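Asks: Have a look at this one.
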Amino acid sequence: MSSPVLVWFRNDLRLADNPALAAAVATGRPVLPVYLFDEESPGLRSLGGASRWWLHHALSRLGEDLAARGAPLLILRGAVAQVLPALMREVGATEIHWSRRYDAAGIAVDAALKSGFEAAGITAKSHNAALLVEPWHVTTKVGEPMKVFTPFWRAARARGAVPLPSPAPARIDGAALEGLRGLAPSDLDLLPTAPDWSGGMREMWTPGEAGALARLDAFLHEGLAGYTELRNRPDMTHTSGLSPHLRFGEISPRTVWHAAEHALRSGVSAASDRDLEVLQSELGWREFSHHLLFHNPDLARTNFNRRFDAFPWREDPAALCAWQRGRTGYPMVDAGMRQLWTTGWMHNRVRMIVGSFLVKHLLIDWRAGEDWFWDTLLDADPAANSASWQWVAGTGADAAPYFRIFNPVLQGEKFDPEGDYVRRWVPELGRLPATLIHKPWTASPERLAAFGLKLGRDYPHPIVDHTVARERALAAFQTLKGAP
DNA sequence: TTTTGAGTTGTTCGA
DNA sequence: GTCGAACAACTCAAA
């Protein structure tokens with residue numbers, strides 16, 4: 001039989017619009033799909049706990065989908081540099097395809113692998129499955145990377161129309177796996193045990209390509225109309241909910257882009273042109289994050305603006321822990337942190353509020369927040385997580401100005417006006433009326449007692465006073481003025 | 001080289 | 001209650 005072509009799946013766990021898979025199928029030779037769980041290659045950041053849970057299910061679904069088309073997925077574990085070349089030799093393959101990644105460690109691993117393969121006469125080809133535009137294709141007029149979103153996105157869009165997504169191959173001629181024994185997803189030990197904290201995630205999410213498409217469909221029917229305003233409402237469901245699916249490549253941004261345009265044209269969605277434009281610009285932020293990461297490999301650890309290297313961050317493990325556990329005494333912050341802990345996801349508006357709170361109210365280094373999100377978010381990816389934390393901390397190039405300090409009470413009253421979001425995630429405040437739910441400490445103990453609440457017993461007192469913390473933050477940021 | 005206009009998401013204060 | 005200004009320069013990107 002003819003030698004097989006490998007498709008190395010990574011963060012592109014889908015069949016549709018997967019150019020690596022399509023290229024392998026197009027060779028007409030048998031296709032061997034492989035997933036390699038690699039915790040050994042140097043420099044790779046290990047997956048957070050929430051992401052591991054998702055990966056388990058995503059691999060299970062992908063394996064089923066591939067098997068149904070005729071090409072079962074081979075799951076292996078180990079260091080790429082050892083396992084993949086050995087596998088290629090073992091099956092007699094001379095061609096391999098994969099989708100590009102954009103983090104420095106991943107790029108280094110892939111580049112070394114590719115040059116090794118090429119030296120051995122093996123065809124190794126990488127494809128763009130993850131982005132609308134490659135990070136190196138958007139530059140200023142003088143060829144420099146972009147540092148500001150608006151001109152970046154203008155330039156990205158000026159490169160022309162987004163390509164249409166390609167359909168999934170109807171059938172894949174799978175390579176025979178005689179003598180090859182792979183692992184089951186469960187062999188990778190990705191699921192939590194003792195305790196199993198994944199109940200809230202199972203309830204909310206359906207990992208896998210079909211789950212991604214169902215989520216997209218529901219969003220286009222119900223969420224997109226009014227997106228411009230309502231996406232800011234954590235008490236409603238007007239965000240796409242696609243972030244973990246995009247993170248693992250279960251759906252491509254090209255698919256989302258065109259499906260949204262089609263939903264407007266066909267009348268499936270009553271969304272306005274503006275709603276569509278805002279949704280597309282959210283995809284634009286995802287692109288911009290990857291652009292920043294590609295051109296700033298240490299984005300997750302190093303201040304984009306090096307002036308902040310001298311910033312007087314506070315060490316405060318107790319405050320950090322209160323923030324992580326949703327016990328800061330600010331209902332909006334605590335609701336967000338508990339939503340994250342339970343579901344592996346947090347509404348975007350609330351991410352800004354909790355991020356601002358950690359960095360500005362508590363003066364804790366943004367990297368501590370980035371670490372926590374990395375471990376607990378299902379959609380944590382090295383580009384968006386780093387770029388977003390740098391943005392909120394004010395350390396990014398195109399960052400929030402230092403005086404932009406979210407007031408968690410005002411934000412709550414504005415974006416969760418009835419208090420429903422807080423009620424859902426902070427049930428001990430559930431009996432408070434909307435007028436109190438974002439600031440319970442303003443009521444007398446007697447009044448709170450009428451609602452079955454005693455601060456300090458049922459729910460914490462505010463960990464810091466907003467006005468005091470705000471002044472402290474402004475003073476701290478002031479110390480950087482004029483620094484080199 | 002210099003100039004110019006612009007830059008996701010906010011809050012507070014005082015009129 | 002509403003509204004505009006101040007918050008502070010600084011950097012980016014293009015002309």
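Labeling convention for the structure tokens: chains A, B, ... as they appear, residues from 1 per chain, ligands from 1 in order of appearance.
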Report as a PyMOL selection string: the residues of stretch 50-194 of chain A with a DSSP assignment of alpha helix (DSSP H), based on the backbone of this structure.

Replies: chain A and resi 50-69+80-91+104-119+149-158

Asks: At a cut-off of 10 Å, can you tabulate as a Markdown table every residue of chain C near chain B together with its closest atom pair and the distance in Å to one decimal, using only C-alpha atoms (C1' of nucleotides) and ordering rows by chain then number?

Replies:
```
| residue | atom | partner | partner_atom | distance |
| --- | --- | --- | --- | --- |
| C:DC3 | C1' | B:DA15 | C1' | 8.9 |
| C:DG4 | C1' | B:DA15 | C1' | 9.3 |
| C:DA5 | C1' | B:DC13 | C1' | 9.1 |
| C:DA6 | C1' | B:DC13 | C1' | 8.7 |
| C:DC7 | C1' | B:DT12 | C1' | 9.1 |
| C:DT11 | C1' | B:DG7 | C1' | 9.2 |
| C:DC12 | C1' | B:DG7 | C1' | 8.6 |
| C:DA13 | C1' | B:DA6 | C1' | 9.4 |
| C:DA14 | C1' | B:DT4 | C1' | 9.2 |
| C:DA15 | C1' | B:DT4 | C1' | 8.3 |
```

Asks: Per residue of chain A within 10 Å of chain B, what are the shortest atom pair and its distance in Å to one decimal, counting only C-alpha atoms (C1' of nucleotides), with rows by chain and residue number, as a Markdown table?

Replies:
```
| residue | atom | partner | partner_atom | distance |
| --- | --- | --- | --- | --- |
| A:Val148 | CA | B:DG7 | C1' | 7.6 |
| A:Phe149 | CA | B:DT8 | C1' | 8.7 |
| A:Thr150 | CA | B:DG7 | C1' | 8.1 |
| A:Pro151 | CA | B:DG7 | C1' | 9.8 |
| A:Asn232 | CA | B:DT9 | C1' | 8.9 |
| A:Ser281 | CA | B:DT8 | C1' | 9.9 |
| A:Glu282 | CA | B:DT8 | C1' | 9.9 |
| A:Trp285 | CA | B:DT8 | C1' | 9.5 |
| A:Asn348 | CA | B:DT9 | C1' | 9.7 |
| A:Arg349 | CA | B:DT9 | C1' | 7.8 |
| A:Met352 | CA | B:DT9 | C1' | 8.1 |
| A:Asp398 | CA | B:DG7 | C1' | 7.5 |
| A:Ala399 | CA | B:DG7 | C1' | 9.2 |
| A:Ala400 | CA | B:DT8 | C1' | 8.7 |
| A:Pro401 | CA | B:DG10 | C1' | 9.4 |
| A:Phe403 | CA | B:DG10 | C1' | 8.1 |
| A:Arg404 | CA | B:DG10 | C1' | 5.1 |
| A:Ile405 | CA | B:DG10 | C1' | 6.6 |
| A:Phe406 | CA | B:DG10 | C1' | 6.2 |
| A:Asn407 | CA | B:DT11 | C1' | 7.4 |
| A:Leu410 | CA | B:DT11 | C1' | 9.2 |
| A:Gln411 | CA | B:DG10 | C1' | 9.5 |
```

Asks: Any chance you can output those residues with C-alpha atoms as a PDB file, in the first residue's frame?

Replies:
```
ATOM      1  CA  VAL A 148      -2.540  49.989  18.177  1.00  0.00           C
ATOM      2  CA  PHE A 149      -5.727  48.098  17.515  1.00  0.00           C
ATOM      3  CA  THR A 150      -7.592  50.490  15.250  1.00  0.00           C
ATOM      4  CA  PRO A 151      -4.914  50.900  12.572  1.00  0.00           C
ATOM      5  CA  ASN A 232     -22.051  44.056  27.751  1.00  0.00           C
ATOM      6  CA  SER A 281     -14.081  43.506  15.514  1.00  0.00           C
ATOM      7  CA  GLU A 282     -14.161  41.090  18.457  1.00  0.00           C
ATOM      8  CA  TRP A 285      -9.126  41.628  18.870  1.00  0.00           C
ATOM      9  CA  ASN A 348     -16.164  39.673  28.979  1.00  0.00           C
ATOM     10  CA  ARG A 349     -17.450  42.781  30.745  1.00  0.00           C
ATOM     11  CA  MET A 352     -12.532  43.779  32.817  1.00  0.00           C
ATOM     12  CA  ASP A 398      -2.544  50.164  23.425  1.00  0.00           C
ATOM     13  CA  ALA A 399      -3.573  49.923  27.027  1.00  0.00           C
ATOM     14  CA  ALA A 400      -6.286  51.350  29.182  1.00  0.00           C
ATOM     15  CA  PRO A 401      -5.142  54.706  30.617  1.00  0.00           C
ATOM     16  CA  PHE A 403      -6.822  56.614  35.514  1.00  0.00           C
ATOM     17  CA  ARG A 404      -9.405  54.199  34.133  1.00  0.00           C
ATOM     18  CA  ILE A 405     -10.275  52.392  37.333  1.00  0.00           C
ATOM     19  CA  PHE A 406     -13.530  50.503  37.144  1.00  0.00           C
ATOM     20  CA  ASN A 407     -15.902  51.179  39.997  1.00  0.00           C
ATOM     21  CA  LEU A 410     -21.247  51.490  39.192  1.00  0.00           C
ATOM     22  CA  GLN A 411     -20.373  48.762  36.717  1.00  0.00           C
TER      23      GLN A 411
END
```

Asks: Please provide as a PDB file with C-alpha atoms, in the first residue's frame all residues within 12 Å of A:Val83, with the sequence filter that same-chain residues fewer than 2 positions apart are discarded (counting only C-alpha atoms (C1' of nucleotides)).

Replies:
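Output file around26.pdb follows:
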```
ATOM      1  CA  TRP A   8      -0.788  16.407  13.105  1.00  0.00           C
ATOM      2  CA  VAL A  34      -2.346  12.121  14.967  1.00  0.00           C
ATOM      3  CA  TYR A  35      -2.686  14.005  18.219  1.00  0.00           C
ATOM      4  CA  LEU A  36       0.396  14.226  20.376  1.00  0.00           C
ATOM      5  CA  PHE A  37      -0.002  15.212  24.012  1.00  0.00           C
ATOM      6  CA  ASP A  38       3.288  16.903  24.746  1.00  0.00           C
ATOM      7  CA  GLU A  40       7.899  17.353  27.716  1.00  0.00           C
ATOM      8  CA  SER A  41       9.194  19.700  25.040  1.00  0.00           C
ATOM      9  CA  ILE A  75      -3.310   9.646  20.173  1.00  0.00           C
ATOM     10  CA  LEU A  76       0.220   9.577  21.537  1.00  0.00           C
ATOM     11  CA  ARG A  77       2.114  11.302  24.279  1.00  0.00           C
ATOM     12  CA  GLY A  78       5.689  12.463  24.610  1.00  0.00           C
ATOM     13  CA  ALA A  79       8.089  15.043  23.264  1.00  0.00           C
ATOM     14  CA  VAL A  80       7.423  16.063  19.684  1.00  0.00           C
ATOM     15  CA  ALA A  81      11.062  15.873  18.647  1.00  0.00           C
ATOM     16  CA  PRO A  85      10.041  11.444  13.588  1.00  0.00           C
ATOM     17  CA  ALA A  86       9.897   7.932  15.032  1.00  0.00           C
ATOM     18  CA  LEU A  87       6.268   7.592  14.022  1.00  0.00           C
ATOM     19  CA  MET A  88       7.017   8.840  10.514  1.00  0.00           C
ATOM     20  CA  ARG A  89       9.719   6.184  10.147  1.00  0.00           C
ATOM     21  CA  GLU A  90       7.565   3.468  11.584  1.00  0.00           C
ATOM     22  CA  LEU A 113      10.963  19.608  13.545  1.00  0.00           C
TER      23      LEU A 113
END
```

Asks: What are the nearest atom pairs, with distances in Å to one decimal, for all residues of chain A that come at most 12 Å from chain C, using only C-alpha atoms (C1' of nucleotides), set out by chain and rising residue number as CSV?

Replies:
```
residue,atom,partner,partner_atom,distance
A:Thr139,CA,C:DA13,C1',10.3
A:Thr140,CA,C:DA13,C1',7.0
A:Lys141,CA,C:DA14,C1',7.8
A:Val142,CA,C:DA13,C1',9.6
A:Gly143,CA,C:DA13,C1',11.3
A:Glu144,CA,C:DA13,C1',10.2
A:Pro145,CA,C:DA13,C1',10.9
A:Met146,CA,C:DC12,C1',8.5
A:Lys147,CA,C:DC12,C1',7.1
A:Val148,CA,C:DC12,C1',6.9
A:Phe149,CA,C:DC12,C1',10.4
A:Thr150,CA,C:DA13,C1',10.4
A:Pro151,CA,C:DA13,C1',7.6
A:Phe152,CA,C:DA13,C1',9.9
A:Arg154,CA,C:DA13,C1',11.8
A:Ala155,CA,C:DA13,C1',11.2
A:Asn305,CA,C:DT11,C1',10.8
A:Gly396,CA,C:DT11,C1',11.5
A:Ala397,CA,C:DT11,C1',8.1
A:Asp398,CA,C:DT11,C1',8.9
A:Ala399,CA,C:DT11,C1',11.0
A:Pro401,CA,C:DA8,C1',9.5
A:Tyr402,CA,C:DC7,C1',9.5
A:Phe403,CA,C:DC7,C1',6.7
A:Arg404,CA,C:DC7,C1',9.1
A:Ile405,CA,C:DC7,C1',11.4
A:Leu474,CA,C:DC7,C1',10.2
A:Phe477,CA,C:DA8,C1',11.3
A:Gln478,CA,C:DA8,C1',9.8
A:Leu480,CA,C:DA9,C1',11.7
A:Lys481,CA,C:DA9,C1',8.6
A:Gly482,CA,C:DA9,C1',9.1
A:Ala483,CA,C:DC10,C1',11.8
A:Pro484,CA,C:DC10,C1',11.9
```

Asks: If we count only C-alpha atoms (C1' of nucleotides) and set the cut-off at 10 Å, which residues sit around A:Ala170, ignoring sequence neighbours fewer than 5 positions away in its own chain? Please answer as a PyMOL selection string.

Replies: chain A and resi 15-16+68-70

Asks: Write a file of the selected residues as a PDB file, in the first residue's frame, keeping C-alpha atoms.

Replies:
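Listed below is the output, again-v6.pdb:
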```pdb
ATOM      1  CA  LEU A  15     -12.755  18.586  10.207  1.00  0.00           C
ATOM      2  CA  ALA A  16     -14.340  21.581   8.458  1.00  0.00           C
ATOM      3  CA  ALA A  68     -16.834   8.011  11.258  1.00  0.00           C
ATOM      4  CA  ARG A  69     -15.137   9.337   8.111  1.00  0.00           C
ATOM      5  CA  GLY A  70     -12.811   6.420   7.898  1.00  0.00           C
TER       6      GLY A  70
END
```

Asks: What's the separation between atom CA of A:Thr342 and atom CA of A:Met201, in Å to one decimal place?

Replies: 6.8 Å

Asks: Which value, in Å to one decimal, gives the distance between atom CA of A:Pro195 and atom CA of A:Gly208?

Replies: 24.2 Å
